Amino acid sequence: MQPNTHPNTNFDSKAQAFARNIYGTTKGRIRVAVVQRDLDALLAQFPKDKPLRILDAGGGFGPLSQPLAELGHQVVLCDLSGEMLALAREQARDKGILSQFSFIHGPIQSLAVAEVGQFDIILCHAVLEWVAEQANLLACLHALLVDDGHLSLMFYNRDGLLYHSLVMGHFDYVYADLVKKRRQKLTPGWPCRPPQVYGWLHDLGFVITSRSGVRVIHDYMVEKQFRIEHADEVIAMELAHAKQEPFMHLGRYIHVVAKKSAKRRAPSTKLID
């Protein structure tokens with residue numbers, strides 16, 4: 001993939017546009033609906049009266065950790081972008097949940113257990129594909145989880161990107177190994193193949209307990225106006241098919257919930273394509 005001069009990508013100067021263009025659209029609503037359903041199922045495994053420590057790693061303005069704070073959980077929100085954190089503070093203050101948040105301005109990889117402790121749940125959504133050393137990032141998150149803690153990981157799916165390019169007839173893009181001549185601002189540099197991510201998680205000792213595709217239908221719909229005018233129905237269809245094969249692995253993103261095993265497995269010697 002295209003080189004990047006930074007190990008992580010900073011979204012300063014794009015905070016408002018990101019909030020508007022990603023989460024203010026049907027595709028953003030799909031993201032929230034699918035991931036929130038998976039998180040609701042995860043939270044149901046914990047006692048309702050137990051406040052959890054949650055890390056939103058690279059969480060931007062916290063669109064998915066804000067609802068968790070509203071439930072009474074304590075959230076540490078870490079992001080490279082000062083503008084994203086400022087927006088997160090503003091929204092948390094407006095919702096009366098600012099006391100539930102702590103903010104860290106910096107890279108996820110700089111977080112140390114000795115300084116921030118460990119967490120019951122870590123959210124890491126749409127971050128992995130912006131990081132060059134992806135396996136190392138997952139190892140950092142593993143260390144920050146308590147034993148039997150849970151990782152909510154959503155990553156940009158290279159297989160879904162490839163299939164979308166094929167059905168749209170973007171063969172030049174396919175021939176170029178999915179590398180554009182001119183890099184778009186919000187196009188990830190390191191989209192991930194699901195088997196590779198699953199392999200990294202396995203080698204760290206994670207056990208995958210849930211998988212969902214995000215935008216398994218939306219991005220393949222020919223009539224763009226239909227998905228705007230019938231957004232509620234599109235979201236319902238997304239939810240109905242997000243966990244079904246083959247649709248799951250055609251999603252633009254894959255959302256995985258993985259449990260940290262108290263006993264780490266020995267690293268696998270199996271090669272992952």
# chains A, B, ... in the order shown; residues from 1 in each chain; ligands from 1
call {"tool": "select_by_dssp", "arguments": {"residues": "range 17-265 of chain A", "states": "strand (DSSP E)", "output": "MDAnalysis selection string"}}
result
chainID A and resid 53:57 74:79 101:105 119:125 145:156 206:214 253:260
call {"tool": "select_by_dssp", "arguments": {"residues": "range 19-224 of chain A", "states": "alpha helix (DSSP H)", "output": "ChimeraX atom specification"}}
result
/A:19-21,26-43,66-70,82-95,113-116,134-144,158-167,171-175,194-204,224
call {"tool": "residues_around", "arguments": {"residues": "Ser65 in chain A", "least_positions_apart": "2", "cutoff": "10 Å", "atoms": "only C-alpha atoms", "output": "ChimeraX atom specification"}}
result
/A:36,54-56,59-63,67-71,73-77,88,101,122-123
call {"tool": "closest_residue", "arguments": {"among": "A:Ile235, A:Ala240, A:Leu42, A:Leu204", "to": "Gly28 in chain A", "atoms": "only C-alpha atoms"}}
result
A:Ile235
call {"tool": "atom_distance", "arguments": {"atom1": "CA of Ser152 in chain A", "atom2": "CA of Val35 in chain A"}}
result
8.6 Å
call {"tool": "closest_residue", "arguments": {"among": "A:Met248, A:Leu128, A:Cys140, A:Ala57", "to": "Pro191 in chain A", "atoms": "only C-alpha atoms"}}
result
A:Leu128
call {"tool": "residues_around", "arguments": {"residues": "Val34 in chain A", "least_positions_apart": "6", "cutoff": "10 Å", "atoms": "only C-alpha atoms", "output": "list in words"}}
result
Ser212, Gly213, Val214, Arg215, Ile235, Ala236, Glu238, Leu239, Ala240, Ala242, Lys243 and His255 of chain A
call {"tool": "write_last_selection", "arguments": {"atoms": "C-alpha atoms", "output": "mmCIF file, in the first residue's frame"}}
result
data_model
loop_
_atom_site.group_PDB
_atom_site.id
_atom_site.type_symbol
_atom_site.label_atom_id
_atom_site.label_comp_id
_atom_site.auth_asym_id
_atom_site.auth_seq_id
_atom_site.Cartn_x
_atom_site.Cartn_y
_atom_site.Cartn_z
ATOM 1 C CA SER A 212 -20.734 -8.705 11.869
ATOM 2 C CA GLY A 213 -20.398 -7.064 8.488
ATOM 3 C CA VAL A 214 -20.996 -3.326 8.333
ATOM 4 C CA ARG A 215 -22.527 -1.996 5.101
ATOM 5 C CA ILE A 235 -30.688 -0.227 7.916
ATOM 6 C CA ALA A 236 -33.183 -2.966 8.825
ATOM 7 C CA GLU A 238 -28.318 -4.457 6.981
ATOM 8 C CA LEU A 239 -29.103 -5.696 10.482
ATOM 9 C CA ALA A 240 -30.891 -8.746 9.083
ATOM 10 C CA ALA A 242 -24.890 -8.504 8.921
ATOM 11 C CA LYS A 243 -24.155 -11.841 10.597
ATOM 12 C CA HIS A 255 -16.882 -5.705 13.415
#
